[in-house]
Amino acid sequence: MSAETLARWQFAVTTIYHYLFVPLTIGLSILVACMQTAWYRTGNPRWKALTKFYGKLFLLNFAMGIVTGIVQEFQFGMNWSAYSRFVGDVFGAPLAMEGILAFFLESTFLGLWIFGWDKLPKGVHLACIWIAAIGTNLSAFFILAANSWMQHPVGYRIDPVTHRARLTSIWAVLTNSTALVTIPHTLAAAFVMAGIFVVSVAAWHIRRGAGDVFRPALRLGAVTVLIAGLATAFTGDLQARIMTKQQPMKMAAAEALYNTSAPASFSLLTIGSLDGNSERWSLRVPNLLSLMSTGDPNGEVKGINALQKEYQQKYGAGAYKPSIPLAYWTFRLMVGFGLLAGALAGWALWALRKGRLPPGRWFWTAATWSLALPIVANSTAWLFTEMGRQPWTVFGLLKTSQSSSPTVGTALVATSFLTLTLLYAALAVVEVRLMLDTIRAGPAMEVVDLTTIEQPEPAFAY
C-alpha cells in the first residue's frame, strides 16, 4: 500500500472520528443556552438542573472535539504538504479568523460560564453561555467556508511563478455560493444531532422514573429535531442543485446515473457492474432526479459516462469518477437515517400531547437508541462530501495524487496511522465511559427540589 493511500486512510479515520463530536458541540451549545434562558425567565429549578446536567455533557464533548481536532492541522503539514503549500494562502485567512475570533469567544466565555455559577449575576452568566455558543457556531462558519473553497474555488488567482493559489478576495471566499448552502445545511444537521442526543438521554431517565425533571428536555429535543430536520431537507435540496451545477460528477455518482437523461429518474435501488462502469438493474422514480437537481421535472442531468469524456477533454487524460458504490450508498444512508430521526421526533411530540407520556416500552427503547441515527447520517454525509469530490482535493485545480508529501515514506505514514488509531480508540473508551457515568448520575439532586414545584409554601404555619 502506497504512502498516499495510507495517508488518505489516516485522514479519513481521524476526520470522521473528530466529526463525531463537532455537530453535537455546535447544536448542544445553543440548546444548553436555551435551557438556561428558560430557567432565567421562569425560575423553575428543573431548567437549572437540566442546564447543569446537559452542560456537563456538552463540556465533555467540547473537550474531546478540541483534542481530536488538533491532529488535523498536523496531518496537513506532515502527510499533505503539497496540498498545504497550494492552498495555504487561501486557507490561512478563514482559519485565522476562526482561531482569533470564534475560538477566542468560545474559550473565554465558556470559562466564565463554567466558573461563574453563583459568582456572576444571573444575566451576565446567561450572556456568557450565549456568547460561547455563538462562538462555536462561528467556528463552524469559518471552517465550512474554507472547506467550500475546496468544492468550488473562488476569490483566488494562480501565482505564475510558484503555481500556488493566492487569495484575492476573502469576501468571495466567505460568500461562496457553495458555502451559503453548505453552512446552513451543516448547522441544521448539527441541531438534529443535538436534539436527538437530548431526546435519547431524557428518554433513558424518564423510563427510570425521572419524568418530572426530564419531560421538558424530551419535548425541547423533539421540537429541535423536527424543526432542524425540515431545515436540513430544505437546505439539502438547495445544495443538490448547486452541486449539480458545480460538481455534476458527484451528483451523477450519488444517483448511479451512467447516461445523460432528460428527464432523469431518481434511483431507489441500483445494481451496477463489478467495475462500476455500467448499470445492470435499477428501481427508479420518474422525473424526481430532474426536479431535485434542476428544479425542473423535465430538466437534463448529465450522466457519469458523458462527464468522464467531458472532464478528459477539459483536464486531460485520467479517471474522473469517484467510487460509485460509495457515493451512492453514503448519499442514501445520509438521507435515510436523517428521515428516521425526524420520524422519531414526530412520534415523540404526538405521544407527549396533552401532558401525557408515551405508553409502552417500544417508544422508550427507540428513543434511547436513536442517538445512532444522526451519527450515521452525519458521518456518511461527510464521507459523501469528501469522497464524491475525488479525484480532486481542490476541485478542478489540484488532484489528490498531487497533494501528498513527496518525502514522507510509507513506513512513517503507517506508524502515525497506527499510533493515532490506537490513541483515538483509547480516547473513545475514555469519552464513552465519562459520558455514560455522567448520564447515569443524572442532575445533582440538591439542585432539583421538586417539593417547591409541586407543593408551594403555605401562606402561614400552624
# chains A, B, ... in the order shown; residues from 1 in each chain; ligands from 1

call {"tool": "residues_around", "arguments": {"residues": "Met249 in chain A", "least_positions_apart": "3", "cutoff": "9 Å", "atoms": "only C-alpha atoms", "output": "ChimeraX atom specification"}}
result
/A:243-244,246,252-254,302-304,307-308,320-322,388-389

call {"tool": "atom_distance", "arguments": {"atom1": "CA of Thr175 in chain A", "atom2": "CA of Thr385 in chain A"}}
result
19.1 Å

call {"tool": "atom_distance", "arguments": {"atom1": "CA of Glu106 in chain A", "atom2": "CA of Ala63 in chain A"}}
result
11.6 Å

call {"tool": "closest_residue", "arguments": {"among": "A:Gly229, A:Gly77, A:Gly65, A:Pro121", "to": "Gly346 in chain A", "atoms": "only C-alpha atoms"}}
result
A:Gly229

call {"tool": "residues_around", "arguments": {"residues": "Val199 in chain A", "least_positions_apart": "3", "cutoff": "8 Å", "atoms": "only C-alpha atoms", "output": "list in words"}}
result
Gly195, Ile196, Ala202, Ala203, Ala217, Leu218, Arg219, Gly221, Ala222, Ala367 and Thr368 of chain A

call {"tool": "residues_around", "arguments": {"residues": "Pro391 in chain A", "least_positions_apart": "4", "cutoff": "9 Å", "atoms": "only C-alpha atoms", "output": "list of chain:residue names"}}
result
A:Ala319, A:Tyr320, A:Lys321, A:Pro322, A:Met387, A:Phe395, A:Leu398, A:Lys399, A:Thr400, A:Ser401

call {"tool": "select_by_dssp", "arguments": {"residues": "range 155-311 of chain A", "states": "strand (DSSP E)", "output": "VMD selection string"}}
result
chain A and resid 156 to 158 165 to 167 266 to 272 279 to 285

call {"tool": "residues_around", "arguments": {"residues": "Ala145 in chain A", "least_positions_apart": "6", "cutoff": "7 Å", "atoms": "only C-alpha atoms", "output": "MDAnalysis selection string"}}
result
chainID A and resid 173:174 179

call {"tool": "closest_residue", "arguments": {"among": "A:Gly135, A:Ala262, A:Gln402, A:Glu310", "to": "Arg85 in chain A", "atoms": "only C-alpha atoms"}}
result
A:Gln402

call {"tool": "residues_around", "arguments": {"residues": "range 324-336 of chain A", "least_positions_apart": "5", "cutoff": "8 Å", "atoms": "only C-alpha atoms", "output": "list in words"}}
result
Lys250, Ala253, Ala254, Glu255, Ala256, Gly276, Val376, Ala377, Asn378, Ser379, Thr380, Ala381, Leu383, Phe384, Met387 and Gly388 of chain A

call {"tool": "write_last_selection", "arguments": {"atoms": "C-alpha atoms", "output": "PDB file, in the first residue's frame"}}
result
ATOM      1  CA  LYS A 250     -20.670  13.948  -7.721  1.00  0.00           C
ATOM      2  CA  ALA A 253     -22.375   9.254  -8.841  1.00  0.00           C
ATOM      3  CA  ALA A 254     -24.840   9.779  -5.980  1.00  0.00           C
ATOM      4  CA  GLU A 255     -27.609   8.542  -8.260  1.00  0.00           C
ATOM      5  CA  ALA A 256     -25.591   5.946 -10.212  1.00  0.00           C
ATOM      6  CA  GLY A 276     -18.697   0.305 -11.651  1.00  0.00           C
ATOM      7  CA  VAL A 376     -24.650   7.581  10.889  1.00  0.00           C
ATOM      8  CA  ALA A 377     -26.317  10.369   8.902  1.00  0.00           C
ATOM      9  CA  ASN A 378     -23.589  12.932   9.689  1.00  0.00           C
ATOM     10  CA  SER A 379     -20.712  10.513   9.150  1.00  0.00           C
ATOM     11  CA  THR A 380     -21.991   9.278   5.799  1.00  0.00           C
ATOM     12  CA  ALA A 381     -22.736  12.853   4.754  1.00  0.00           C
ATOM     13  CA  LEU A 383     -17.890  10.747   3.510  1.00  0.00           C
ATOM     14  CA  PHE A 384     -20.123  11.599   0.561  1.00  0.00           C
ATOM     15  CA  MET A 387     -15.176  11.147  -1.417  1.00  0.00           C
ATOM     16  CA  GLY A 388     -17.645  12.336  -4.023  1.00  0.00           C
TER      17      GLY A 388
END

call {"tool": "residues_around", "arguments": {"residues": "Leu31 in chain A", "least_positions_apart": "6", "cutoff": "9 Å", "atoms": "only C-alpha atoms", "output": "PDB file with N, CA and C atoms, in the first residue's frame"}}
result
ATOM      1  N   THR A  51     -29.900  22.422  32.755  1.00  0.00           N
ATOM      2  CA  THR A  51     -28.794  23.224  32.223  1.00  0.00           C
ATOM      3  C   THR A  51     -27.457  22.691  32.717  1.00  0.00           C
ATOM      4  N   TYR A  54     -26.925  18.840  31.204  1.00  0.00           N
ATOM      5  CA  TYR A  54     -26.536  18.804  29.792  1.00  0.00           C
ATOM      6  C   TYR A  54     -25.298  19.666  29.539  1.00  0.00           C
ATOM      7  N   PHE A 191     -28.042  20.517  14.671  1.00  0.00           N
ATOM      8  CA  PHE A 191     -29.145  20.639  15.620  1.00  0.00           C
ATOM      9  C   PHE A 191     -29.984  19.367  15.668  1.00  0.00           C
ATOM     10  N   ALA A 194     -27.934  17.263  18.061  1.00  0.00           N
ATOM     11  CA  ALA A 194     -28.069  17.702  19.451  1.00  0.00           C
ATOM     12  C   ALA A 194     -29.461  17.405  19.987  1.00  0.00           C
ATOM     13  N   GLY A 195     -30.485  17.622  19.154  1.00  0.00           N
ATOM     14  CA  GLY A 195     -31.848  17.349  19.594  1.00  0.00           C
ATOM     15  C   GLY A 195     -32.063  15.880  19.905  1.00  0.00           C
ATOM     16  N   VAL A 198     -30.420  14.994  23.217  1.00  0.00           N
ATOM     17  CA  VAL A 198     -31.247  15.400  24.357  1.00  0.00           C
ATOM     18  C   VAL A 198     -32.414  14.427  24.532  1.00  0.00           C
ATOM     19  N   LEU A 220     -38.244  19.593  24.314  1.00  0.00           N
ATOM     20  CA  LEU A 220     -37.319  20.527  23.657  1.00  0.00           C
ATOM     21  C   LEU A 220     -36.511  19.807  22.589  1.00  0.00           C
ATOM     22  N   GLY A 221     -36.003  18.624  22.915  1.00  0.00           N
ATOM     23  CA  GLY A 221     -35.211  17.880  21.940  1.00  0.00           C
ATOM     24  C   GLY A 221     -36.025  17.477  20.730  1.00  0.00           C
ATOM     25  N   THR A 224     -36.729  20.489  18.533  1.00  0.00           N
ATOM     26  CA  THR A 224     -35.487  20.861  17.841  1.00  0.00           C
ATOM     27  C   THR A 224     -35.241  19.955  16.643  1.00  0.00           C
TER      28      THR A 224
END

call {"tool": "atom_distance", "arguments": {"atom1": "CA of Val225 in chain A", "atom2": "CA of Phe337 in chain A"}}
result
12.6 Å

call {"tool": "closest_residue", "arguments": {"among": "A:Gln75, A:Ser200, A:Thr68, A:Ser107", "to": "Arg215 in chain A", "atoms": "only C-alpha atoms"}}
result
A:Ser200
